[in-house]
Structure formats: structure tokens, C-alpha cells
file start27.pdb (PDB, C-alpha atoms)
ATOM      1  CA  MET G  30       0.000   0.000   0.000  1.00  0.00           C
ATOM      2  CA  LYS G  31       2.859   2.412   0.791  1.00  0.00           C
ATOM      3  CA  TYR G  32       4.279   1.753  -2.686  1.00  0.00           C
ATOM      4  CA  ILE G  33       0.901   2.526  -4.304  1.00  0.00           C
ATOM      5  CA  ARG G  34       0.592   5.745  -2.295  1.00  0.00           C
ATOM      6  CA  LYS G  35       4.082   6.845  -3.383  1.00  0.00           C
ATOM      7  CA  VAL G  36       3.331   6.152  -7.030  1.00  0.00           C
ATOM      8  CA  THR G  37      -0.004   7.955  -6.751  1.00  0.00           C
ATOM      9  CA  ALA G  38       1.680  10.964  -5.126  1.00  0.00           C
ATOM     10  CA  LEU G  39       4.352  11.030  -7.846  1.00  0.00           C
ATOM     11  CA  VAL G  40       1.758  10.897 -10.616  1.00  0.00           C
ATOM     12  CA  LEU G  41      -0.266  13.669  -8.981  1.00  0.00           C
ATOM     13  CA  ALA G  42       2.881  15.779  -8.619  1.00  0.00           C
ATOM     14  CA  ILE G  43       3.702  15.313 -12.310  1.00  0.00           C
ATOM     15  CA  ILE G  44       0.144  16.227 -13.293  1.00  0.00           C
ATOM     16  CA  PHE G  45       0.295  19.302 -11.046  1.00  0.00           C
ATOM     17  CA  CYS G  46       3.613  20.459 -12.532  1.00  0.00           C
ATOM     18  CA  ALA G  47       2.310  19.883 -16.053  1.00  0.00           C
ATOM     19  CA  ALA G  48      -0.790  21.914 -15.250  1.00  0.00           C
ATOM     20  CA  ILE G  49       1.361  24.770 -13.961  1.00  0.00           C
ATOM     21  CA  ILE G  50       3.547  24.711 -17.081  1.00  0.00           C
ATOM     22  CA  ILE G  51       0.509  24.659 -19.359  1.00  0.00           C
ATOM     23  CA  GLY G  52      -1.097  27.477 -17.378  1.00  0.00           C
ATOM     24  CA  LEU G  53       2.030  29.608 -17.584  1.00  0.00           C
ATOM     25  CA  GLY G  54       2.243  28.841 -21.275  1.00  0.00           C
ATOM     26  CA  VAL G  55      -1.271  30.177 -21.737  1.00  0.00           C
ATOM     27  CA  ILE G  56      -0.729  33.227 -19.528  1.00  0.00           C
ATOM     28  CA  TYR G  57       2.690  34.071 -20.974  1.00  0.00           C
ATOM     29  CA  SER G  58       2.017  33.529 -24.644  1.00  0.00           C
ATOM     30  CA  VAL G  59       3.337  35.855 -27.323  1.00  0.00           C
ATOM     31  CA  LYS G  60       0.817  38.436 -28.460  1.00  0.00           C
ATOM     32  CA  ASN G  61       3.138  41.123 -29.877  1.00  0.00           C
ATOM     33  CA  VAL G  62       6.150  40.589 -32.130  1.00  0.00           C
ATOM     34  CA  ASN G  63       7.946  43.873 -32.784  1.00  0.00           C
ATOM     35  CA  VAL G  64      10.460  43.590 -35.605  1.00  0.00           C
ATOM     36  CA  GLU G  65      13.015  46.276 -36.429  1.00  0.00           C
ATOM     37  CA  PHE G  66      15.311  46.149 -39.449  1.00  0.00           C
ATOM     38  CA  ILE G  67      18.805  47.576 -39.829  1.00  0.00           C
ATOM     39  CA  ASP G  68      19.157  47.932 -43.581  1.00  0.00           C
ATOM     40  CA  TYR G  69      22.447  49.215 -44.996  1.00  0.00           C
ATOM     41  CA  THR G  70      22.068  48.796 -48.752  1.00  0.00           C
ATOM     42  CA  GLY G  71      18.334  48.529 -49.450  1.00  0.00           C
ATOM     43  CA  GLU G  72      18.963  45.349 -51.437  1.00  0.00           C
ATOM     44  CA  HIS G  73      17.096  42.942 -49.171  1.00  0.00           C
ATOM     45  CA  ALA G  74      13.624  44.459 -48.820  1.00  0.00           C
ATOM     46  CA  GLU G  75      11.936  41.228 -49.931  1.00  0.00           C
ATOM     47  CA  ASP G  76      14.007  39.161 -47.507  1.00  0.00           C
ATOM     48  CA  PHE G  77      13.070  41.523 -44.686  1.00  0.00           C
ATOM     49  CA  ALA G  78       9.372  41.320 -45.613  1.00  0.00           C
ATOM     50  CA  ARG G  79       9.397  37.509 -45.696  1.00  0.00           C
ATOM     51  CA  THR G  80      11.300  37.400 -42.412  1.00  0.00           C
ATOM     52  CA  LYS G  81       8.723  39.630 -40.738  1.00  0.00           C
ATOM     53  CA  GLU G  82       5.938  37.348 -41.961  1.00  0.00           C
ATOM     54  CA  ASN G  83       7.805  34.358 -40.574  1.00  0.00           C
ATOM     55  CA  LEU G  84       8.397  36.031 -37.208  1.00  0.00           C
ATOM     56  CA  ASN G  85       4.720  36.974 -36.870  1.00  0.00           C
ATOM     57  CA  LYS G  86       4.021  33.245 -36.777  1.00  0.00           C
ATOM     58  CA  LEU G  87       5.670  33.204 -33.346  1.00  0.00           C
ATOM     59  CA  LYS G  88       2.475  34.751 -31.940  1.00  0.00           C
ATOM     60  CA  GLY G  89       0.795  32.261 -29.658  1.00  0.00           C
ATOM     61  CA  SER G  90       4.092  30.618 -28.730  1.00  0.00           C
ATOM     62  CA  GLY G  91       5.021  30.274 -25.075  1.00  0.00           C
ATOM     63  CA  MET G  92       7.236  33.124 -23.865  1.00  0.00           C
ATOM     64  CA  LEU G  93       9.009  30.795 -21.457  1.00  0.00           C
ATOM     65  CA  PHE G  94      10.334  28.572 -24.219  1.00  0.00           C
ATOM     66  CA  LEU G  95      11.028  31.141 -26.928  1.00  0.00           C
ATOM     67  CA  SER G  96      14.693  31.899 -27.661  1.00  0.00           C
ATOM     68  CA  GLU G  97      16.904  33.767 -30.099  1.00  0.00           C
ATOM     69  CA  GLY G  98      17.337  30.488 -31.957  1.00  0.00           C
ATOM     70  CA  ASP G  99      13.654  30.597 -32.921  1.00  0.00           C
ATOM     71  CA  ALA G 100      14.209  34.018 -34.479  1.00  0.00           C
ATOM     72  CA  VAL G 101      17.268  32.763 -36.363  1.00  0.00           C
ATOM     73  CA  GLU G 102      15.311  29.828 -37.740  1.00  0.00           C
ATOM     74  CA  ASN G 103      12.733  32.233 -39.184  1.00  0.00           C
ATOM     75  CA  LEU G 104      15.223  34.315 -41.180  1.00  0.00           C
ATOM     76  CA  SER G 105      14.310  34.087 -44.855  1.00  0.00           C
ATOM     77  CA  ASP G 106      17.968  34.225 -45.942  1.00  0.00           C
ATOM     78  CA  LYS G 107      20.645  33.464 -43.347  1.00  0.00           C
ATOM     79  CA  SER G 108      23.396  34.331 -45.803  1.00  0.00           C
ATOM     80  CA  SER G 109      22.304  37.983 -45.919  1.00  0.00           C
ATOM     81  CA  LEU G 110      20.420  38.547 -42.648  1.00  0.00           C
ATOM     82  CA  ALA G 111      21.278  38.050 -38.975  1.00  0.00           C
ATOM     83  CA  VAL G 112      19.586  38.563 -35.609  1.00  0.00           C
ATOM     84  CA  ALA G 113      21.119  41.651 -33.984  1.00  0.00           C
ATOM     85  CA  SER G 114      19.117  41.398 -30.748  1.00  0.00           C
ATOM     86  CA  PHE G 115      16.310  39.358 -29.192  1.00  0.00           C
ATOM     87  CA  GLU G 116      14.388  40.519 -26.130  1.00  0.00           C
ATOM     88  CA  ARG G 117      11.411  39.071 -24.261  1.00  0.00           C
ATOM     89  CA  ILE G 118       9.223  41.637 -22.507  1.00  0.00           C
ATOM     90  CA  TYR G 119       6.821  39.903 -20.153  1.00  0.00           C
ATOM     91  CA  PRO G 120       4.018  39.151 -20.199  1.00  0.00           C
ATOM     92  CA  CYS G 121       3.458  38.977 -23.960  1.00  0.00           C
ATOM     93  CA  THR G 122       5.906  40.958 -26.128  1.00  0.00           C
ATOM     94  CA  VAL G 123       9.010  40.006 -28.090  1.00  0.00           C
ATOM     95  CA  ASN G 124      11.329  42.641 -29.590  1.00  0.00           C
ATOM     96  CA  ILE G 125      13.573  41.448 -32.410  1.00  0.00           C
ATOM     97  CA  VAL G 126      16.122  43.440 -34.390  1.00  0.00           C
ATOM     98  CA  ILE G 127      17.196  41.982 -37.738  1.00  0.00           C
ATOM     99  CA  LYS G 128      20.237  43.393 -39.522  1.00  0.00           C
ATOM    100  CA  GLU G 129      21.701  43.031 -42.967  1.00  0.00           C
ATOM    101  CA  ARG G 130      24.970  41.116 -42.928  1.00  0.00           C
ATOM    102  CA  ILE G 131      27.784  43.240 -44.321  1.00  0.00           C
ATOM    103  CA  GLU G 132      30.719  41.610 -46.068  1.00  0.00           C
ATOM    104  CA  CYS G 133      33.903  42.768 -44.345  1.00  0.00           C
ATOM    105  CA  PHE G 134      36.972  40.568 -44.787  1.00  0.00           C
ATOM    106  CA  VAL G 135      38.220  37.451 -46.553  1.00  0.00           C
ATOM    107  CA  SER G 136      40.672  34.604 -46.169  1.00  0.00           C
ATOM    108  CA  ARG G 137      42.229  32.668 -49.059  1.00  0.00           C
ATOM    109  CA  ALA G 138      43.181  29.005 -49.324  1.00  0.00           C
ATOM    110  CA  ASP G 139      43.897  26.875 -52.410  1.00  0.00           C
ATOM    111  CA  GLY G 140      42.294  29.319 -54.827  1.00  0.00           C
ATOM    112  CA  VAL G 141      39.153  29.690 -52.709  1.00  0.00           C
ATOM    113  CA  VAL G 142      38.068  32.972 -51.104  1.00  0.00           C
ATOM    114  CA  TYR G 143      36.186  32.618 -47.812  1.00  0.00           C
ATOM    115  CA  VAL G 144      34.037  35.663 -47.062  1.00  0.00           C
ATOM    116  CA  TYR G 145      33.201  36.850 -43.517  1.00  0.00           C
ATOM    117  CA  ASP G 146      30.853  39.522 -42.207  1.00  0.00           C
ATOM    118  CA  GLU G 147      31.542  42.322 -39.732  1.00  0.00           C
ATOM    119  CA  ASP G 148      30.973  39.931 -36.815  1.00  0.00           C
ATOM    120  CA  GLY G 149      33.586  37.529 -38.122  1.00  0.00           C
ATOM    121  CA  ALA G 150      30.919  34.972 -39.084  1.00  0.00           C
ATOM    122  CA  PHE G 151      31.343  32.962 -42.282  1.00  0.00           C
ATOM    123  CA  MET G 152      29.089  34.028 -45.172  1.00  0.00           C
ATOM    124  CA  ARG G 153      30.115  32.090 -48.296  1.00  0.00           C
ATOM    125  CA  HIS G 154      33.062  30.936 -50.383  1.00  0.00           C
ATOM    126  CA  GLU G 155      33.969  31.689 -53.982  1.00  0.00           C
ATOM    127  CA  MET G 156      36.479  30.294 -56.457  1.00  0.00           C
ATOM    128  CA  THR G 157      38.803  33.015 -57.704  1.00  0.00           C
ATOM    129  CA  GLU G 158      42.444  33.333 -58.635  1.00  0.00           C
ATOM    130  CA  GLY G 159      42.675  37.112 -58.991  1.00  0.00           C
ATOM    131  CA  GLU G 160      41.956  40.036 -56.713  1.00  0.00           C
ATOM    132  CA  TYR G 161      38.684  39.718 -54.812  1.00  0.00           C
ATOM    133  CA  LEU G 162      36.492  42.838 -54.755  1.00  0.00           C
ATOM    134  CA  ASN G 163      33.530  43.526 -52.515  1.00  0.00           C
ATOM    135  CA  PRO G 164      30.396  43.441 -54.728  1.00  0.00           C
ATOM    136  CA  ALA G 165      28.852  46.341 -52.780  1.00  0.00           C
ATOM    137  CA  ASP G 166      31.375  48.938 -53.943  1.00  0.00           C
ATOM    138  CA  ASN G 167      33.844  47.033 -56.134  1.00  0.00           C
ATOM    139  CA  SER G 168      36.715  47.817 -53.755  1.00  0.00           C
ATOM    140  CA  PRO G 169      38.983  45.293 -52.018  1.00  0.00           C
ATOM    141  CA  ASP G 170      37.967  43.527 -48.841  1.00  0.00           C
ATOM    142  CA  ILE G 171      40.397  43.217 -45.946  1.00  0.00           C
ATOM    143  CA  GLU G 172      42.620  40.129 -46.251  1.00  0.00           C
ATOM    144  CA  VAL G 173      43.054  38.034 -43.087  1.00  0.00           C
ATOM    145  CA  ARG G 174      45.512  35.204 -42.486  1.00  0.00           C
ATOM    146  CA  GLY G 175      47.519  33.514 -39.770  1.00  0.00           C
ATOM    147  CA  GLU G 176      51.269  33.668 -39.249  1.00  0.00           C
ATOM    148  CA  ASN G 177      51.886  30.212 -40.735  1.00  0.00           C
ATOM    149  CA  THR G 178      48.494  29.309 -42.159  1.00  0.00           C
ATOM    150  CA  ASP G 179      45.891  30.693 -44.525  1.00  0.00           C
ATOM    151  CA  MET G 180      42.928  29.877 -42.288  1.00  0.00           C
ATOM    152  CA  LEU G 181      42.195  30.734 -38.644  1.00  0.00           C
ATOM    153  CA  THR G 182      39.912  29.116 -36.081  1.00  0.00           C
ATOM    154  CA  VAL G 183      36.232  30.105 -35.769  1.00  0.00           C
ATOM    155  CA  ASP G 184      36.932  32.003 -32.530  1.00  0.00           C
ATOM    156  CA  GLU G 185      39.877  33.831 -34.088  1.00  0.00           C
ATOM    157  CA  TYR G 186      37.699  35.035 -36.969  1.00  0.00           C
ATOM    158  CA  LYS G 187      35.169  36.339 -34.444  1.00  0.00           C
ATOM    159  CA  ASN G 188      37.965  38.148 -32.618  1.00  0.00           C
ATOM    160  CA  VAL G 189      39.143  39.656 -35.910  1.00  0.00           C
ATOM    161  CA  GLY G 190      35.614  40.946 -36.486  1.00  0.00           C
ATOM    162  CA  SER G 191      35.548  42.472 -32.999  1.00  0.00           C
ATOM    163  CA  LEU G 192      38.989  44.031 -33.477  1.00  0.00           C
ATOM    164  CA  LEU G 193      37.976  45.601 -36.793  1.00  0.00           C
ATOM    165  CA  LYS G 194      34.769  46.952 -35.244  1.00  0.00           C
ATOM    166  CA  SER G 195      36.882  48.643 -32.586  1.00  0.00           C
ATOM    167  CA  PHE G 196      39.166  50.036 -35.296  1.00  0.00           C
ATOM    168  CA  LYS G 197      36.178  51.477 -37.193  1.00  0.00           C
ATOM    169  CA  ALA G 198      34.729  52.995 -34.011  1.00  0.00           C
ATOM    170  CA  SER G 199      37.991  54.854 -33.344  1.00  0.00           C
ATOM    171  CA  PHE G 200      39.067  55.738 -36.902  1.00  0.00           C
ATOM    172  CA  GLY G 201      35.610  56.308 -38.404  1.00  0.00           C
ATOM    173  CA  ALA G 202      36.329  54.075 -41.422  1.00  0.00           C
ATOM    174  CA  LEU G 203      37.486  50.533 -42.050  1.00  0.00           C
ATOM    175  CA  ARG G 204      38.003  48.968 -45.483  1.00  0.00           C
ATOM    176  CA  LYS G 205      39.367  52.100 -47.119  1.00  0.00           C
ATOM    177  CA  LEU G 206      42.044  52.274 -44.401  1.00  0.00           C
ATOM    178  CA  VAL G 207      42.874  48.639 -43.577  1.00  0.00           C
ATOM    179  CA  ASP G 208      44.612  46.397 -46.095  1.00  0.00           C
ATOM    180  CA  GLY G 209      44.996  43.230 -44.049  1.00  0.00           C
ATOM    181  CA  VAL G 210      45.258  41.532 -40.670  1.00  0.00           C
ATOM    182  CA  ILE G 211      47.868  38.942 -39.702  1.00  0.00           C
ATOM    183  CA  VAL G 212      47.128  36.909 -36.561  1.00  0.00           C
ATOM    184  CA  TYR G 213      50.104  35.557 -34.602  1.00  0.00           C
ATOM    185  CA  SER G 214      48.432  32.871 -32.501  1.00  0.00           C
ATOM    186  CA  SER G 215      51.659  31.806 -30.797  1.00  0.00           C
ATOM    187  CA  LEU G 216      52.297  35.393 -29.652  1.00  0.00           C
ATOM    188  CA  SER G 217      48.684  36.253 -28.871  1.00  0.00           C
ATOM    189  CA  SER G 218      48.977  39.314 -31.085  1.00  0.00           C
ATOM    190  CA  ALA G 219      47.628  40.713 -34.347  1.00  0.00           C
ATOM    191  CA  ASN G 220      49.165  42.989 -36.950  1.00  0.00           C
ATOM    192  CA  VAL G 221      46.729  45.367 -38.651  1.00  0.00           C
ATOM    193  CA  VAL G 222      48.313  46.608 -41.883  1.00  0.00           C
ATOM    194  CA  LEU G 223      47.020  49.962 -43.126  1.00  0.00           C
ATOM    195  CA  ARG G 224      46.796  50.814 -46.825  1.00  0.00           C
ATOM    196  CA  SER G 225      48.844  53.943 -46.151  1.00  0.00           C
ATOM    197  CA  GLY G 226      51.838  51.799 -45.141  1.00  0.00           C
ATOM    198  CA  VAL G 227      52.108  51.899 -41.359  1.00  0.00           C
ATOM    199  CA  SER G 228      51.042  48.821 -39.388  1.00  0.00           C
ATOM    200  CA  ILE G 229      49.506  48.351 -35.949  1.00  0.00           C
ATOM    201  CA  VAL G 230      50.769  45.619 -33.620  1.00  0.00           C
ATOM    202  CA  VAL G 231      48.228  44.705 -30.924  1.00  0.00           C
ATOM    203  CA  SER G 232      49.488  42.530 -28.064  1.00  0.00           C
ATOM    204  CA  ASP G 233      46.982  40.383 -26.133  1.00  0.00           C
ATOM    205  CA  TRP G 234      44.700  41.260 -29.003  1.00  0.00           C
ATOM    206  CA  GLU G 235      41.665  39.388 -27.685  1.00  0.00           C
ATOM    207  CA  GLN G 236      41.347  41.680 -24.653  1.00  0.00           C
ATOM    208  CA  GLY G 237      40.439  45.363 -24.306  1.00  0.00           C
ATOM    209  CA  GLN G 238      40.172  45.923 -28.032  1.00  0.00           C
ATOM    210  CA  ALA G 239      38.133  49.142 -27.867  1.00  0.00           C
ATOM    211  CA  GLU G 240      40.529  50.823 -25.435  1.00  0.00           C
ATOM    212  CA  LYS G 241      43.595  49.675 -27.365  1.00  0.00           C
ATOM    213  CA  MET G 242      42.285  50.939 -30.690  1.00  0.00           C
ATOM    214  CA  GLN G 243      41.454  54.297 -29.159  1.00  0.00           C
ATOM    215  CA  ALA G 244      45.042  54.526 -27.894  1.00  0.00           C
ATOM    216  CA  VAL G 245      46.258  53.604 -31.388  1.00  0.00           C
ATOM    217  CA  TYR G 246      44.106  56.333 -32.960  1.00  0.00           C
ATOM    218  CA  ASP G 247      45.387  58.948 -30.519  1.00  0.00           C
ATOM    219  CA  CYS G 248      48.935  57.964 -31.492  1.00  0.00           C
ATOM    220  CA  TYR G 249      48.163  57.791 -35.223  1.00  0.00           C
ATOM    221  CA  LYS G 250      46.623  61.251 -35.491  1.00  0.00           C
ATOM    222  CA  SER G 251      49.775  62.756 -33.988  1.00  0.00           C
ATOM    223  CA  LEU G 252      51.976  61.302 -36.763  1.00  0.00           C
ATOM    224  CA  SER G 253      53.247  63.273 -39.714  1.00  0.00           C
ATOM    225  CA  ASP G 254      52.199  62.369 -43.261  1.00  0.00           C
ATOM    226  CA  GLY G 255      55.621  60.829 -43.804  1.00  0.00           C
ATOM    227  CA  GLN G 256      55.301  58.616 -40.750  1.00  0.00           C
ATOM    228  CA  LYS G 257      51.795  57.484 -41.753  1.00  0.00           C
ATOM    229  CA  THR G 258      53.050  56.327 -45.150  1.00  0.00           C
ATOM    230  CA  ASP G 259      56.307  54.730 -43.982  1.00  0.00           C
ATOM    231  CA  LYS G 260      55.998  50.990 -44.649  1.00  0.00           C
ATOM    232  CA  ASP G 261      58.558  50.337 -41.910  1.00  0.00           C
ATOM    233  CA  GLY G 262      56.554  52.345 -39.388  1.00  0.00           C
ATOM    234  CA  LYS G 263      54.736  50.499 -36.616  1.00  0.00           C
ATOM    235  CA  ILE G 264      52.354  51.538 -33.879  1.00  0.00           C
ATOM    236  CA  THR G 265      52.606  49.083 -30.990  1.00  0.00           C
ATOM    237  CA  VAL G 266      49.910  48.997 -28.329  1.00  0.00           C
ATOM    238  CA  VAL G 267      50.317  47.126 -25.052  1.00  0.00           C
ATOM    239  CA  GLY G 268      48.673  46.996 -21.648  1.00  0.00           C
ATOM    240  CA  GLY G 269      45.021  47.473 -20.932  1.00  0.00           C
ATOM    241  CA  SER G 270      44.764  44.564 -18.491  1.00  0.00           C
ATOM    242  CA  ALA G 271      43.942  44.657 -14.770  1.00  0.00           C
ATOM    243  CA  GLY G 272      42.442  48.129 -15.119  1.00  0.00           C
ATOM    244  CA  ALA G 273      45.558  49.721 -16.624  1.00  0.00           C
ATOM    245  CA  GLN G 274      45.123  52.009 -19.614  1.00  0.00           C
ATOM    246  CA  PRO G 275      46.724  50.731 -22.841  1.00  0.00           C
ATOM    247  CA  ALA G 276      49.665  52.653 -24.250  1.00  0.00           C
ATOM    248  CA  ALA G 277      50.504  53.048 -27.952  1.00  0.00           C
ATOM    249  CA  ARG G 278      53.842  54.193 -29.341  1.00  0.00           C
ATOM    250  CA  TYR G 279      55.258  54.707 -32.826  1.00  0.00           C
ATOM    251  CA  GLY G 280      58.559  53.332 -34.058  1.00  0.00           C
ATOM    252  CA  VAL G 281      60.405  52.437 -37.254  1.00  0.00           C
ATOM    253  CA  VAL G 282      61.769  48.939 -37.883  1.00  0.00           C
ATOM    254  CA  ARG G 283      64.347  48.859 -40.701  1.00  0.00           C
TER     255      ARG G 283
END
call {"tool": "encode", "arguments": {"input": "start27.pdb", "output": "C-alpha cells"}}
result
Amino acid sequence: MKYIRKVTALVLAIIFCAAIIIGLGVIYSVKNVNVEFIDYTGEHAEDFARTKENLNKLKGSGMLFLSEGDAVENLSDKSSLAVASFERIYPCTVNIVIKERIECFVSRADGVVYVYDEDGAFMRHEMTEGEYLNPADNSPDIEVRGENTDMLTVDEYKNVGSLLKSFKASFGALRKLVDGVIVYSSLSSANVVLRSGVSIVVSDWEQGQAEKMQAVYDCYKSLSDGQKTDKDGKITVVGGSAGAQPAARYGVVR
């Protein structure tokens, strides 16, 4: 009899928990789906429209179980669109920001160009032997490679994207200034080569990128035109850990 009572109690507990979950699902169901688009080129209006239709189908879903992954799955074209932010506002509203993916940099290997967006996420690959130009403006993309290899790891590409975002935030431009990035994994550093000639060596490049790039910009704007175009010129930035401000200095390596 004790065994039967325990089983009965367990079953009742399961039924009670299920009832609570169902009740919460009904109470906290999605009634409003607010979708905002960040559109840079105006070339994906149809994709945005289809994505909004797809996201409206989330109405009636349980707020408790909805995630950013559900928004990603409803993108009409993952190669050109990405979820910039996903926010649940209880009891019944979901705010979603969809952005156009912008081609930013490339890596090359065996005659194949691998294209990455501004977040360092892979977009597509193309077969080409000559110079690769960004289809948006027909100007070169930034070339990225490792010290002894053509390809980096997934995390390193994401860090490159973050580093370049920090560069753009400080310098106000990106592709027209930066020619390439070389990642030295063994040294935990990256070398950002500018089209003007001078290069930027960032130590511990995965940390404090925004502060380090601001220090680099402060140093760069103090240089003369001759220093900015000297291919042997280097701006080295170090520090920025444990609360210390990063320091950038210019030097020439012959």
C-alpha cells in the first residue's frame, strides 16, 4: 500500500507540474512581435518582408520557451540577414532586431576565397584566382591570415571581427584604411596593416580591443604624413589589463 501511495503521489505531482507549465504557457504567450530592421544597402527588402511574416508566426508561442534560436530559424535568408538582438518583454511581447549582414573581410586558401561579415561569421566561399572585390562597392575587402596558415579558427575570426569593429569605431572608417590583418596565434597578437603603409601591432589582441584601438588612434593622429606612409613604421599597443590604460607608441623597424 505504501508503494501505491508513493506512485499515486508522484503521478499527482507530475500532473500538477504539467498543469502549472501549461497554465504559464497560456498566460505568458506571445501576443506582440515587434520587428526592427537595420538595412544598410536597401537590397534585401523582400528578404526583410518575408522574415517579418515568418516572425509573426511566433504569436501564440510560449514566452518561457522562446529563444533567439527561434528568431534565427525564421530568417528568410541566413546568408544575408542576422539577428542583432532578441528581447522578451513579459508578459506577452518580443522585440527582435534583424540586420543586414555586411561583407567585411576574406581569407584565401587553395584558390578559394572565404568571405566573412563584420561579426567575423562565415558568409560564403567563392572560387577566384585574382583580386577579390567587394560586390557592394567594387573595392577590395580586408585580407586576413595567420602567421603560418591561410585559415584561422572560428573564434579567431570572431575576434578579428571584434577588433575591426573597434578600429572602425575609433578611426571612423574601415576597409578604405585597412589592407589586411595577420594573426600571430603563438604570440597572442595581431598585426593590422594599413593601406597607407604603417602597421599596428596589438598585443593580447583578444582583450580590451576598444581601449587599445582608441590609444592607437590617438597615437596615429599625432603622426606626420611621412610617418603614416612609412611601410617600416609600426604603432605598438600594449597593456590594458587589470584596469591599466593601454599605451601606444610609434617606431620604425628597418
call {"tool": "atom_distance", "arguments": {"input": "start27.pdb", "atom1": "CA of Arg79 (chain G)", "atom2": "CA of Val64 (chain G)"}}
result
11.8 Å
call {"tool": "resolve_selection", "arguments": {"input": "start27.pdb", "expression": "the PyMOL selection byres ((chain G and resi 214-220) around 12)", "output": "NGL selection string"}}
result
:G and (172-178 or 180-182 or 184-186 or 188-189 or 192-193 or 207-213 or 221-223 or 227-236 or 238 or 263-267)
call {"tool": "residues_around", "arguments": {"input": "start27.pdb", "residues": "Lys197 (chain G)", "least_positions_apart": "3", "cutoff": "12 Å", "atoms": "all atoms listed in the file", "output": "list of chain:residue names"}}
result
G:Cys133, G:Glu147, G:Gly190, G:Ser191, G:Leu192, G:Leu193, G:Lys194, G:Phe200, G:Gly201, G:Ala202, G:Leu203, G:Arg204, G:Lys205, G:Leu206, G:Val207, G:Gln238, G:Ala239, G:Met242, G:Gln243, G:Val245, G:Tyr246
call {"tool": "atom_distance", "arguments": {"input": "start27.pdb", "atom1": "CA of Phe77 (chain G)", "atom2": "CA of Ala165 (chain G)"}}
result
18.4 Å
call {"tool": "residues_around", "arguments": {"input": "start27.pdb", "residues": "Asp261 (chain G)", "least_positions_apart": "6", "cutoff": "8 Å", "atoms": "all atoms listed in the file", "output": "ChimeraX atom specification"}}
result
/G:226-227,281-283
call {"tool": "build_atoms", "arguments": {"input": "start27.pdb", "residues": "region 173-186 of chain G", "atoms": "N, CA and C atoms", "output": "PDB file, in the frame of the given file"}}
result
ATOM      1  N   VAL G 173      42.688  38.529 -44.419  1.00  0.00           N
ATOM      2  CA  VAL G 173      43.054  38.034 -43.087  1.00  0.00           C
ATOM      3  C   VAL G 173      43.738  36.685 -43.221  1.00  0.00           C
ATOM      4  N   ARG G 174      44.818  36.504 -42.485  1.00  0.00           N
ATOM      5  CA  ARG G 174      45.512  35.204 -42.486  1.00  0.00           C
ATOM      6  C   ARG G 174      46.263  35.029 -41.174  1.00  0.00           C
ATOM      7  N   GLY G 175      46.723  33.809 -40.947  1.00  0.00           N
ATOM      8  CA  GLY G 175      47.519  33.514 -39.770  1.00  0.00           C
ATOM      9  C   GLY G 175      48.994  33.633 -40.084  1.00  0.00           C
ATOM     10  N   GLU G 176      49.825  33.520 -39.060  1.00  0.00           N
ATOM     11  CA  GLU G 176      51.269  33.668 -39.249  1.00  0.00           C
ATOM     12  C   GLU G 176      51.851  32.565 -40.127  1.00  0.00           C
ATOM     13  N   ASN G 177      51.368  31.336 -39.970  1.00  0.00           N
ATOM     14  CA  ASN G 177      51.886  30.212 -40.735  1.00  0.00           C
ATOM     15  C   ASN G 177      50.791  29.434 -41.453  1.00  0.00           C
ATOM     16  N   THR G 178      49.616  30.007 -41.546  1.00  0.00           N
ATOM     17  CA  THR G 178      48.494  29.309 -42.159  1.00  0.00           C
ATOM     18  C   THR G 178      47.565  30.294 -42.831  1.00  0.00           C
ATOM     19  N   ASP G 179      46.847  29.823 -43.842  1.00  0.00           N
ATOM     20  CA  ASP G 179      45.891  30.693 -44.525  1.00  0.00           C
ATOM     21  C   ASP G 179      44.621  30.887 -43.709  1.00  0.00           C
ATOM     22  N   MET G 180      44.212  29.851 -42.985  1.00  0.00           N
ATOM     23  CA  MET G 180      42.928  29.877 -42.288  1.00  0.00           C
ATOM     24  C   MET G 180      43.118  29.942 -40.772  1.00  0.00           C
ATOM     25  N   LEU G 181      42.198  30.625 -40.099  1.00  0.00           N
ATOM     26  CA  LEU G 181      42.195  30.734 -38.644  1.00  0.00           C
ATOM     27  C   LEU G 181      41.095  29.855 -38.059  1.00  0.00           C
ATOM     28  N   THR G 182      40.998  29.836 -36.739  1.00  0.00           N
ATOM     29  CA  THR G 182      39.912  29.116 -36.081  1.00  0.00           C
ATOM     30  C   THR G 182      38.648  29.982 -36.095  1.00  0.00           C
ATOM     31  N   VAL G 183      37.507  29.369 -35.807  1.00  0.00           N
ATOM     32  CA  VAL G 183      36.232  30.105 -35.769  1.00  0.00           C
ATOM     33  C   VAL G 183      36.299  31.240 -34.757  1.00  0.00           C
ATOM     34  N   ASP G 184      36.842  30.966 -33.568  1.00  0.00           N
ATOM     35  CA  ASP G 184      36.932  32.003 -32.530  1.00  0.00           C
ATOM     36  C   ASP G 184      37.870  33.129 -32.951  1.00  0.00           C
ATOM     37  N   GLU G 185      38.952  32.790 -33.635  1.00  0.00           N
ATOM     38  CA  GLU G 185      39.877  33.831 -34.088  1.00  0.00           C
ATOM     39  C   GLU G 185      39.223  34.745 -35.114  1.00  0.00           C
ATOM     40  N   TYR G 186      38.404  34.184 -36.004  1.00  0.00           N
ATOM     41  CA  TYR G 186      37.699  35.035 -36.969  1.00  0.00           C
ATOM     42  C   TYR G 186      36.733  35.974 -36.247  1.00  0.00           C
TER      43      TYR G 186
END
